[in-house]
$ cat input12.cif   # mmCIF, C-alpha atoms
data_structure
loop_
_atom_site.label_atom_id
_atom_site.label_comp_id
_atom_site.auth_asym_id
_atom_site.auth_seq_id
_atom_site.Cartn_x
_atom_site.Cartn_y
_atom_site.Cartn_z
CA MET I 87 111.41 40.88 169.51
CA LYS I 88 108.09 42.73 169.58
CA THR I 89 107.86 46.48 169.96
CA LYS I 90 105.98 47.88 172.97
CA ASN I 91 102.50 49.20 172.14
CA ILE I 92 102.79 47.68 168.69
CA LYS I 93 99.01 48.02 168.24
CA ASN I 94 98.87 51.72 168.99
CA PHE I 95 100.35 53.32 165.90
CA SER I 96 99.26 56.86 165.06
CA THR I 97 100.72 57.38 161.57
CA ILE I 98 101.48 55.20 158.56
CA ASN I 99 105.19 55.80 159.08
CA GLN I 100 104.92 54.55 162.65
CA ALA I 101 102.92 51.51 161.52
CA GLU I 102 105.73 50.72 159.08
CA ARG I 103 108.42 51.02 161.77
CA PHE I 104 106.46 48.81 164.17
CA ALA I 105 105.82 46.20 161.45
CA LYS I 106 109.52 46.03 160.64
CA LYS I 107 110.31 45.16 164.25
CA ASN I 108 107.38 42.77 164.62
CA ILE I 109 108.14 40.28 161.84
CA ARG I 110 111.06 38.34 160.37
CA LYS I 111 113.47 40.37 158.25
CA GLY I 112 112.96 38.32 155.09
CA THR I 113 109.20 38.77 155.19
CA PHE I 114 109.43 42.52 155.72
CA ASP I 115 112.01 42.87 152.93
CA TRP I 116 109.74 40.89 150.59
CA LEU I 117 106.89 43.29 151.33
CA GLN I 118 109.04 46.38 150.75
CA ALA I 119 110.91 45.14 147.68
CA GLY I 120 110.53 46.61 144.23
CA ALA I 121 111.58 45.23 140.87
CA GLU I 122 115.37 45.18 140.52
CA ASP I 123 116.74 48.04 142.65
CA GLY I 124 113.32 49.48 143.53
CA PHE I 125 113.64 52.65 141.45
CA THR I 126 110.02 52.59 140.21
CA ARG I 127 108.70 51.76 143.69
CA ASP I 128 110.48 54.85 145.04
CA LYS I 129 109.40 56.99 142.08
CA ASN I 130 105.75 56.35 142.95
CA ILE I 131 106.37 58.01 146.31
CA ASN I 132 108.74 60.73 145.09
CA ASP I 133 106.57 61.90 142.18
CA LEU I 134 103.56 62.19 144.49
CA GLU I 135 105.72 64.12 146.95
CA ASN I 136 106.85 66.57 144.28
CA LEU I 137 103.31 67.32 143.07
CA LYS I 138 101.80 70.37 144.78
CA ILE I 139 98.22 71.23 145.77
CA LEU I 140 96.98 74.82 145.41
CA PRO I 141 94.92 75.68 148.54
CA LYS I 142 91.97 78.07 148.47
CA VAL I 143 90.24 79.91 151.32
CA LEU I 144 86.68 80.98 152.23
CA LYS I 145 85.18 77.92 150.55
CA GLY I 146 82.40 77.11 153.04
CA ILE I 147 83.92 73.79 154.00
CA ARG I 148 82.13 73.08 157.28
CA ASN I 149 80.47 69.87 156.03
CA THR I 150 83.31 68.11 154.24
CA LYS I 151 82.19 64.86 152.60
CA ILE I 152 84.34 62.01 151.30
CA SER I 153 81.64 59.39 150.64
CA ILE I 154 81.15 58.22 147.07
CA ASN I 155 78.68 56.24 144.97
CA ILE I 156 80.50 54.07 142.45
CA PHE I 157 79.78 50.78 140.68
CA GLY I 158 76.34 51.02 142.27
CA LEU I 159 77.88 51.03 145.77
CA ASN I 160 77.67 53.63 148.50
CA ILE I 161 81.05 53.67 150.25
CA SER I 162 82.51 55.85 152.96
CA SER I 163 85.54 57.09 151.03
CA PRO I 164 87.46 56.73 147.74
CA LEU I 165 90.24 54.80 149.55
CA ILE I 166 90.24 51.07 148.73
CA LEU I 167 92.30 48.00 149.54
CA ALA I 168 94.57 46.96 146.68
CA PRO I 169 95.17 43.21 146.39
CA MET I 170 98.33 41.84 148.00
CA GLY I 171 99.41 38.21 147.71
CA HIS I 172 100.76 35.67 150.19
CA GLN I 173 99.17 37.28 153.25
CA THR I 174 99.48 34.29 155.60
CA GLN I 175 103.19 35.07 155.92
CA PHE I 176 102.09 38.27 157.70
CA HIS I 177 99.24 36.83 159.80
CA SER I 178 98.17 33.22 160.38
CA ARG I 179 94.69 33.87 158.93
CA GLY I 180 95.98 36.02 156.08
CA GLU I 181 93.33 37.36 153.73
CA VAL I 182 90.50 36.10 155.94
CA GLU I 183 91.78 38.33 158.75
CA THR I 184 92.34 41.30 156.44
CA ALA I 185 88.79 41.05 155.09
CA MET I 186 87.39 41.32 158.62
CA ALA I 187 88.35 45.00 158.52
CA PHE I 188 85.80 45.46 155.73
CA ASN I 189 82.89 43.48 157.12
CA ASP I 190 80.99 46.66 157.98
CA LYS I 191 80.30 47.12 154.26
CA SER I 192 81.67 50.67 154.19
CA ARG I 193 84.80 50.19 152.07
CA ILE I 194 85.95 48.20 149.03
CA ALA I 195 88.56 45.43 149.34
CA PHE I 196 90.26 43.48 146.54
CA PHE I 197 91.70 39.98 146.95
CA SER I 198 93.25 37.75 144.33
CA THR I 199 93.96 34.31 142.96
CA GLN I 200 97.56 34.86 144.12
CA GLY I 201 96.36 35.10 147.70
CA ARG I 202 96.80 32.24 150.17
CA MET I 203 93.24 31.95 151.45
CA SER I 204 90.47 30.90 149.08
CA LEU I 205 87.70 33.26 148.09
CA ASN I 206 85.26 30.82 149.68
CA ASP I 207 87.11 31.03 153.03
CA ILE I 208 87.31 34.82 152.82
CA ARG I 209 83.59 35.12 152.14
CA LYS I 210 82.57 32.52 154.72
CA LYS I 211 84.00 34.64 157.54
CA ASN I 212 83.11 38.01 155.99
CA LYS I 213 79.59 37.86 154.63
CA ASN I 214 79.12 41.64 154.49
CA ALA I 215 82.45 42.68 152.97
CA ILE I 216 82.44 44.41 149.59
CA ILE I 217 84.92 42.25 147.71
CA GLY I 218 86.45 42.56 144.26
CA TRP I 219 88.08 39.37 142.97
CA GLU I 220 91.32 39.84 141.05
CA ILE I 221 92.25 37.07 138.64
CA PHE I 222 95.80 36.56 137.44
CA PRO I 223 95.40 34.95 133.97
CA PHE I 224 97.51 31.96 135.02
CA GLY I 225 95.28 29.30 133.51
CA ASP I 226 93.27 28.36 130.45
CA LYS I 227 89.87 29.86 129.70
CA ASN I 228 88.03 27.04 131.43
CA TRP I 229 89.87 27.81 134.67
CA ILE I 230 89.32 31.56 134.26
CA GLU I 231 85.62 31.07 133.60
CA LYS I 232 85.37 28.98 136.78
CA GLU I 233 87.04 31.78 138.77
CA ILE I 234 84.53 34.26 137.31
CA LYS I 235 81.57 32.05 138.19
CA ASP I 236 82.90 31.48 141.72
CA ALA I 237 83.19 35.25 142.17
CA GLU I 238 79.61 35.70 141.00
CA LYS I 239 78.36 32.93 143.28
CA LEU I 240 80.20 34.39 146.27
CA LYS I 241 78.72 37.84 145.64
CA CYS I 242 81.81 39.77 144.58
CA PHE I 243 80.95 43.20 143.24
CA SER I 244 83.45 43.04 140.36
CA ILE I 245 85.99 40.98 138.46
CA CYS I 246 89.48 42.44 138.14
CA PHE I 247 92.30 41.13 135.96
CA CYS I 248 95.94 41.66 136.88
CA LEU I 249 97.80 42.19 133.59
CA ASP I 250 101.25 43.41 134.64
CA ALA I 251 102.68 40.33 136.36
CA ASN I 252 103.48 37.82 133.64
CA VAL I 253 106.54 36.32 135.35
CA ARG I 254 108.27 36.69 138.73
CA SER I 255 110.47 39.77 138.73
CA HIS I 256 114.05 40.05 139.94
CA ARG I 257 113.84 41.96 143.22
CA TYR I 258 117.32 42.50 144.56
CA GLN I 259 116.12 43.24 148.10
CA ASP I 260 114.61 39.82 148.71
CA ARG I 261 116.84 37.79 146.35
CA GLU I 262 120.00 38.83 148.16
CA ILE I 263 118.74 37.28 151.40
CA ILE I 264 117.34 34.24 149.50
CA TYR I 265 113.77 34.67 150.71
CA ASP I 266 110.90 32.81 149.04
CA ALA I 267 107.48 34.00 150.27
CA ARG I 268 105.82 30.81 149.00
CA LYS I 269 107.52 28.80 151.77
CA PHE I 270 105.93 30.72 154.65
CA GLY I 271 102.33 30.57 155.85
CA LYS I 272 99.47 28.18 155.15
CA ARG I 273 97.35 27.97 152.01
CA THR I 274 93.72 27.06 151.29
CA ASN I 275 93.62 28.75 147.90
CA PRO I 276 94.73 26.32 145.16
CA ILE I 277 97.82 27.34 143.20
CA SER I 278 96.93 28.67 139.75
CA PRO I 279 97.47 26.10 136.96
CA ASN I 280 100.37 27.73 135.10
CA PRO I 281 101.60 31.36 134.82
CA LYS I 282 102.73 30.68 131.24
CA TYR I 283 99.12 30.98 130.08
CA ALA I 284 99.36 34.74 130.70
CA LEU I 285 101.99 35.00 127.97
CA ASN I 286 99.55 33.77 125.32
CA TYR I 287 96.59 36.11 125.80
CA ASP I 288 96.01 39.24 123.73
CA TRP I 289 93.29 41.93 123.69
CA SER I 290 90.71 39.50 122.30
CA PHE I 291 90.84 37.88 125.73
CA ILE I 292 89.14 40.96 127.26
CA SER I 293 86.31 40.80 124.73
CA TRP I 294 85.84 37.15 125.67
CA VAL I 295 85.76 38.02 129.40
CA LYS I 296 83.09 40.67 128.84
CA LYS I 297 80.82 38.00 127.37
CA LYS I 298 81.25 35.73 130.39
CA THR I 299 80.00 38.02 133.15
CA SER I 300 77.62 40.84 133.87
CA LEU I 301 79.76 42.05 136.78
CA PRO I 302 81.87 45.19 136.31
CA VAL I 303 85.21 44.26 134.69
CA ILE I 304 88.31 46.15 135.82
CA LEU I 305 91.76 45.84 134.23
CA LYS I 306 94.68 46.42 136.59
CA GLY I 307 98.29 47.16 135.74
CA LEU I 308 97.77 49.68 132.94
CA ILE I 309 100.51 52.28 132.46
CA SER I 310 100.53 52.90 128.71
CA HIS I 311 97.93 55.39 127.44
CA ASP I 312 97.49 53.13 124.39
CA ASP I 313 96.53 50.26 126.68
CA ILE I 314 94.16 52.45 128.68
CA PHE I 315 92.27 53.57 125.57
CA GLU I 316 92.24 50.02 124.18
CA ALA I 317 90.65 48.88 127.45
CA VAL I 318 88.00 51.59 127.12
CA LYS I 319 87.34 50.55 123.53
CA ARG I 320 86.80 46.97 124.71
CA GLY I 321 84.08 48.22 127.05
CA VAL I 322 85.65 47.61 130.47
CA ASP I 323 84.07 49.29 133.47
CA GLY I 324 87.28 50.35 135.16
CA VAL I 325 90.94 50.92 134.31
CA TRP I 326 93.37 50.56 137.19
CA ILE I 327 96.52 52.58 136.67
CA SER I 328 99.21 50.67 138.52
CA ASN I 329 102.79 49.48 138.24
CA HIS I 330 102.17 46.83 140.91
CA GLY I 331 103.72 49.04 143.56
CA GLY I 332 106.89 49.04 141.47
CA ARG I 333 107.25 45.31 142.14
CA MET I 334 107.08 43.78 138.66
CA PHE I 335 108.76 45.98 136.02
CA ASN I 336 111.28 48.71 136.71
CA SER I 337 109.85 51.07 134.08
CA GLY I 338 110.69 54.29 135.88
CA ILE I 339 107.13 55.51 135.20
CA SER I 340 105.10 56.39 138.28
CA SER I 341 101.34 56.02 138.57
CA ILE I 342 100.75 59.75 139.09
CA GLU I 343 102.88 60.50 136.03
CA VAL I 344 100.51 58.43 133.90
CA LEU I 345 97.35 59.91 135.38
CA ARG I 346 98.37 63.57 135.21
CA GLU I 347 99.22 63.19 131.50
CA LEU I 348 96.00 61.35 130.67
CA SER I 349 93.75 63.58 128.57
CA LYS I 350 90.60 63.15 126.47
CA PHE I 351 89.36 60.45 128.80
CA ASN I 352 85.62 59.97 129.20
CA LYS I 353 85.48 58.91 132.85
CA ARG I 354 81.69 59.07 132.98
CA LYS I 355 81.60 55.58 131.50
CA THR I 356 84.93 54.10 132.59
CA LYS I 357 86.10 54.60 136.15
CA ILE I 358 89.73 55.28 137.00
CA LEU I 359 91.35 53.38 139.85
CA ILE I 360 94.97 53.98 140.82
CA ASP I 361 97.57 52.96 143.40
CA GLY I 362 101.19 53.57 144.19
CA GLY I 363 103.01 55.41 146.96
CA VAL I 364 100.10 56.60 149.12
CA ARG I 365 101.32 57.28 152.65
CA LYS I 366 99.42 60.48 153.58
CA GLY I 367 95.97 62.03 153.25
CA SER I 368 97.33 64.70 150.90
CA ASP I 369 98.56 61.93 148.56
CA ILE I 370 94.94 60.86 148.11
CA ILE I 371 93.94 64.43 147.22
CA LYS I 372 96.64 64.56 144.55
CA TYR I 373 95.39 61.40 142.88
CA LEU I 374 91.77 62.57 143.02
CA CYS I 375 92.60 66.00 141.63
CA ALA I 376 94.53 64.35 138.79
CA GLY I 377 91.39 62.42 137.81
CA ALA I 378 91.17 59.20 139.82
CA ASP I 379 87.84 57.94 141.14
CA LEU I 380 89.26 55.39 143.61
CA VAL I 381 92.70 55.25 145.25
CA GLY I 382 94.20 51.94 146.33
CA ILE I 383 96.69 51.18 149.07
CA GLY I 384 98.70 47.94 149.38
CA ARG I 385 101.68 47.99 151.72
CA PRO I 386 100.20 50.20 154.50
CA PRO I 387 97.29 47.81 155.26
CA ILE I 388 99.81 44.98 155.52
CA TYR I 389 101.71 47.01 158.13
CA GLY I 390 98.44 47.18 160.03
CA LEU I 391 97.82 43.45 159.57
CA ILE I 392 101.26 42.62 160.99
CA ASN I 393 100.78 44.91 163.99
CA ASN I 394 97.21 44.18 165.02
CA GLY I 395 95.37 41.92 162.57
CA ASN I 396 92.10 43.22 161.15
CA LYS I 397 92.00 46.04 163.72
CA GLY I 398 95.37 47.22 162.44
CA VAL I 399 94.13 47.15 158.83
CA LYS I 400 91.07 49.17 159.79
CA ARG I 401 93.24 51.59 161.75
CA VAL I 402 95.32 52.31 158.63
CA PHE I 403 92.17 53.29 156.73
CA GLU I 404 90.92 55.41 159.61
CA ILE I 405 94.24 57.28 159.80
CA LEU I 406 94.37 58.03 156.09
CA GLU I 407 90.70 59.00 155.87
CA SER I 408 91.09 61.33 158.85
CA GLU I 409 94.14 62.88 157.22
CA LEU I 410 92.18 63.20 153.96
CA VAL I 411 89.33 65.11 155.64
CA THR I 412 91.73 67.39 157.53
CA ALA I 413 93.78 68.11 154.39
CA MET I 414 90.60 68.84 152.41
CA LYS I 415 89.46 71.39 155.00
CA ASN I 416 92.82 73.11 155.11
CA ALA I 417 93.07 73.17 151.31
CA GLY I 418 89.48 74.33 150.74
CA PHE I 419 87.71 71.25 149.32
CA LYS I 420 84.08 70.66 150.35
CA ASN I 421 83.74 67.31 148.60
CA LEU I 422 85.31 65.01 146.05
CA ALA I 423 83.58 66.75 143.13
CA GLU I 424 85.65 69.88 143.81
CA MET I 425 88.90 68.05 143.19
CA LYS I 426 90.04 69.28 139.78
CA LYS I 427 93.33 69.25 137.93
CA ASN I 428 93.55 73.07 138.15
CA ARG I 429 94.17 72.66 141.89
CA LEU I 430 97.50 70.93 141.19
CA LYS I 431 100.85 72.61 140.56
CA PHE I 432 103.25 70.56 138.46
#
$ encode --input "input12.cif" --output "structure tokens"
Amino acid sequence: MKTKNIKNFSTINQAERFAKKNIRKGTFDWLQAGAEDGFTRDKNINDLENLKILPKVLKGIRNTKISINIFGLNISSPLILAPMGHQTQFHSRGEVETAMAFNDKSRIAFFSTQGRMSLNDIRKKNKNAIIGWEIFPFGDKNWIEKEIKDAEKLKCFSICFCLDANVRSHRYQDREIIYDARKFGKRTNPISPNPKYALNYDWSFISWVKKKTSLPVILKGLISHDDIFEAVKRGVDGVWISNHGGRMFNSGISSIEVLRELSKFNKRKTKILIDGGVRKGSDIIKYLCAGADLVGIGRPPIYGLINNGNKGVKRVFEILESELVTAMKNAGFKNLAEMKKNRLKF
């Protein structure tokens, strides 16, 4: 049964409540689920909640700016769409519909080889969208090179590799109701050849990738500081601190925990992307103050997609960006450059 005024949500929490009532239980539980009992998923949110921001006054904040130039792109804010798979179970047009929210070329959106709609279909309907293509290394190097070349041909701004999802995790929340997302929604994106290939690659794989493309290369799913610095040593353009929304490995380590402890990092050359637990504008400030350049959101845009298609996705970004600007003014930040670690209280 659909909720009245399902399209007119005003907060992310309300969007979540509406989405829960507007879709089958199994699908919503799949979206919400974390690895095993969801401890790491919840820790992403709780650790952000427990981090404090030190406000300052009389900072001349009349003209607050959140736009940013990164990877050679001028975008309206540091908030980006993190890739989420199997989107046609949430909306009949899946990723094609989601991408329509980004066709004004003002924000960055990532889609992946684990999505249901092909990159070609996404691009065909969204010629102006700024798209990053995330590749799960679920095939041999010939297949991966083809994915890279397709991304170049279809004018993606970067190549991203998901490195923290080697095998399907045990998620109690969706296993207990015996829900398999792969059985719901159509597909135009071919299934990747074989996930077992991901188990064979080592760090030499990244050096090989760097030789195959001139596009910025981003590695997603990095939690260990050793892995982050190895990625930098291999010359990647971006490191994406992420635990997959707590969906793949129940490590108990939150994204903000990794970022706030990261020191001696030369971010002038390597950009820091991060996701995990963002539900409010002040959450974005915390990530930026801790050192992130771009902040990704995954579940909230899907709430918007369920409620009102691409307009719902866009609404989620508008809400969070409005909250970000308001929080910046009340905390005394004129722009993103003023967000420093000394404004956080641990």
$ resolve_selection --input "input12.cif" --expression "the PyMOL selection byres ((chain I and resi 179) around 12)" --output "MDAnalysis selection string"
chainID I and resid 172:178 180:186 201:204 207:208 211 271:274 391:392 395:396
$ closest_residue --input "input12.cif" --among "I:Ala237, I:Lys355, I:Phe224, I:Thr299" --to "I:Pro281" --atoms "only C-alpha atoms"
I:Phe224
$ resolve_selection --input "input12.cif" --expression "the PyMOL selection byres ((chain I and resi 323-325) around 8)" --output "list in words"
Pro302, Val303, Ile304, Leu305, Lys306, Leu308, Ile314, Ala317, Val318, Gly321, Val322, Trp326, Ile327, Lys355, Thr356, Lys357, Ile358 and Leu359 of chain I
$ residues_around --input "input12.cif" --residues "I:Ile98" --least-positions-apart "2" --cutoff "9 Å" --atoms "only C-alpha atoms" --output "ChimeraX atom specification"
/I:95-96,100-103,365-366,386,389-390,402,405-406
$ closest_residue --input "input12.cif" --among "I:Trp294, I:Tyr283, I:Trp219, I:Phe196" --to "I:Lys241" --atoms "only C-alpha atoms"
I:Trp219
$ closest_residue --input "input12.cif" --among "I:Asn132, I:Asn155, I:Ser368, I:Asn189" --to "I:Val399" --atoms "only C-alpha atoms"
I:Asn189
$ residues_near_point --input "input12.cif" --point "(101.3, 75.0, 138.2)" --cutoff "10 Å" --atoms "all atoms listed in the file" --output "CSV table (one decimal) with C-alpha atoms, in the frame of the given file"
chain,number,residue,atom,x,y,z
I,137,LEU,CA,103.3,67.3,143.1
I,138,LYS,CA,101.8,70.4,144.8
I,139,ILE,CA,98.2,71.2,145.8
I,140,LEU,CA,97.0,74.8,145.4
I,427,LYS,CA,93.3,69.2,137.9
I,428,ASN,CA,93.6,73.1,138.2
I,429,ARG,CA,94.2,72.7,141.9
I,430,LEU,CA,97.5,70.9,141.2
I,431,LYS,CA,100.8,72.6,140.6
I,432,PHE,CA,103.2,70.6,138.5
$ residues_near_point --input "input12.cif" --point "(105.7, 56.3, 136.3)" --cutoff "10 Å" --atoms "only C-alpha atoms" --output "JSON list (two decimals) with C-alpha atoms, in the coordinates of the input"
[["chain", "number", "residue", "atom", "x", "y", "z"],
["I", 126, "THR", "CA", 110.02, 52.59, 140.21],
["I", 127, "ARG", "CA", 108.70, 51.76, 143.69],
["I", 129, "LYS", "CA", 109.40, 56.99, 142.08],
["I", 130, "ASN", "CA", 105.75, 56.35, 142.95],
["I", 133, "ASP", "CA", 106.57, 61.90, 142.18],
["I", 309, "ILE", "CA", 100.51, 52.28, 132.46],
["I", 310, "SER", "CA", 100.53, 52.90, 128.71],
["I", 327, "ILE", "CA", 96.52, 52.58, 136.67],
["I", 328, "SER", "CA", 99.21, 50.67, 138.52],
["I", 329, "ASN", "CA", 102.79, 49.48, 138.24],
["I", 332, "GLY", "CA", 106.89, 49.04, 141.47],
["I", 336, "ASN", "CA", 111.28, 48.71, 136.71],
["I", 337, "SER", "CA", 109.85, 51.07, 134.08],
["I", 338, "GLY", "CA", 110.69, 54.29, 135.88],
["I", 339, "ILE", "CA", 107.13, 55.51, 135.20],
["I", 340, "SER", "CA", 105.10, 56.39, 138.28],
["I", 341, "SER", "CA", 101.34, 56.02, 138.57],
["I", 342, "ILE", "CA", 100.75, 59.75, 139.09],
["I", 343, "GLU", "CA", 102.88, 60.50, 136.03],
["I", 344, "VAL", "CA", 100.51, 58.43, 133.90],
["I", 345, "LEU", "CA", 97.35, 59.91, 135.38],
["I", 362, "GLY", "CA", 101.19, 53.57, 144.19]]
$ atom_distance --input "input12.cif" --atom1 "atom CA of I:Ser198" --atom2 "atom CA of I:Glu220"
4.3 Å
$ residues_around --input "input12.cif" --residues "I:Ala195" --least-positions-apart "3" --cutoff "6 Å" --atoms "all atoms listed in the file" --output "list in words"
Ile166, Leu167 and Ile217 of chain I
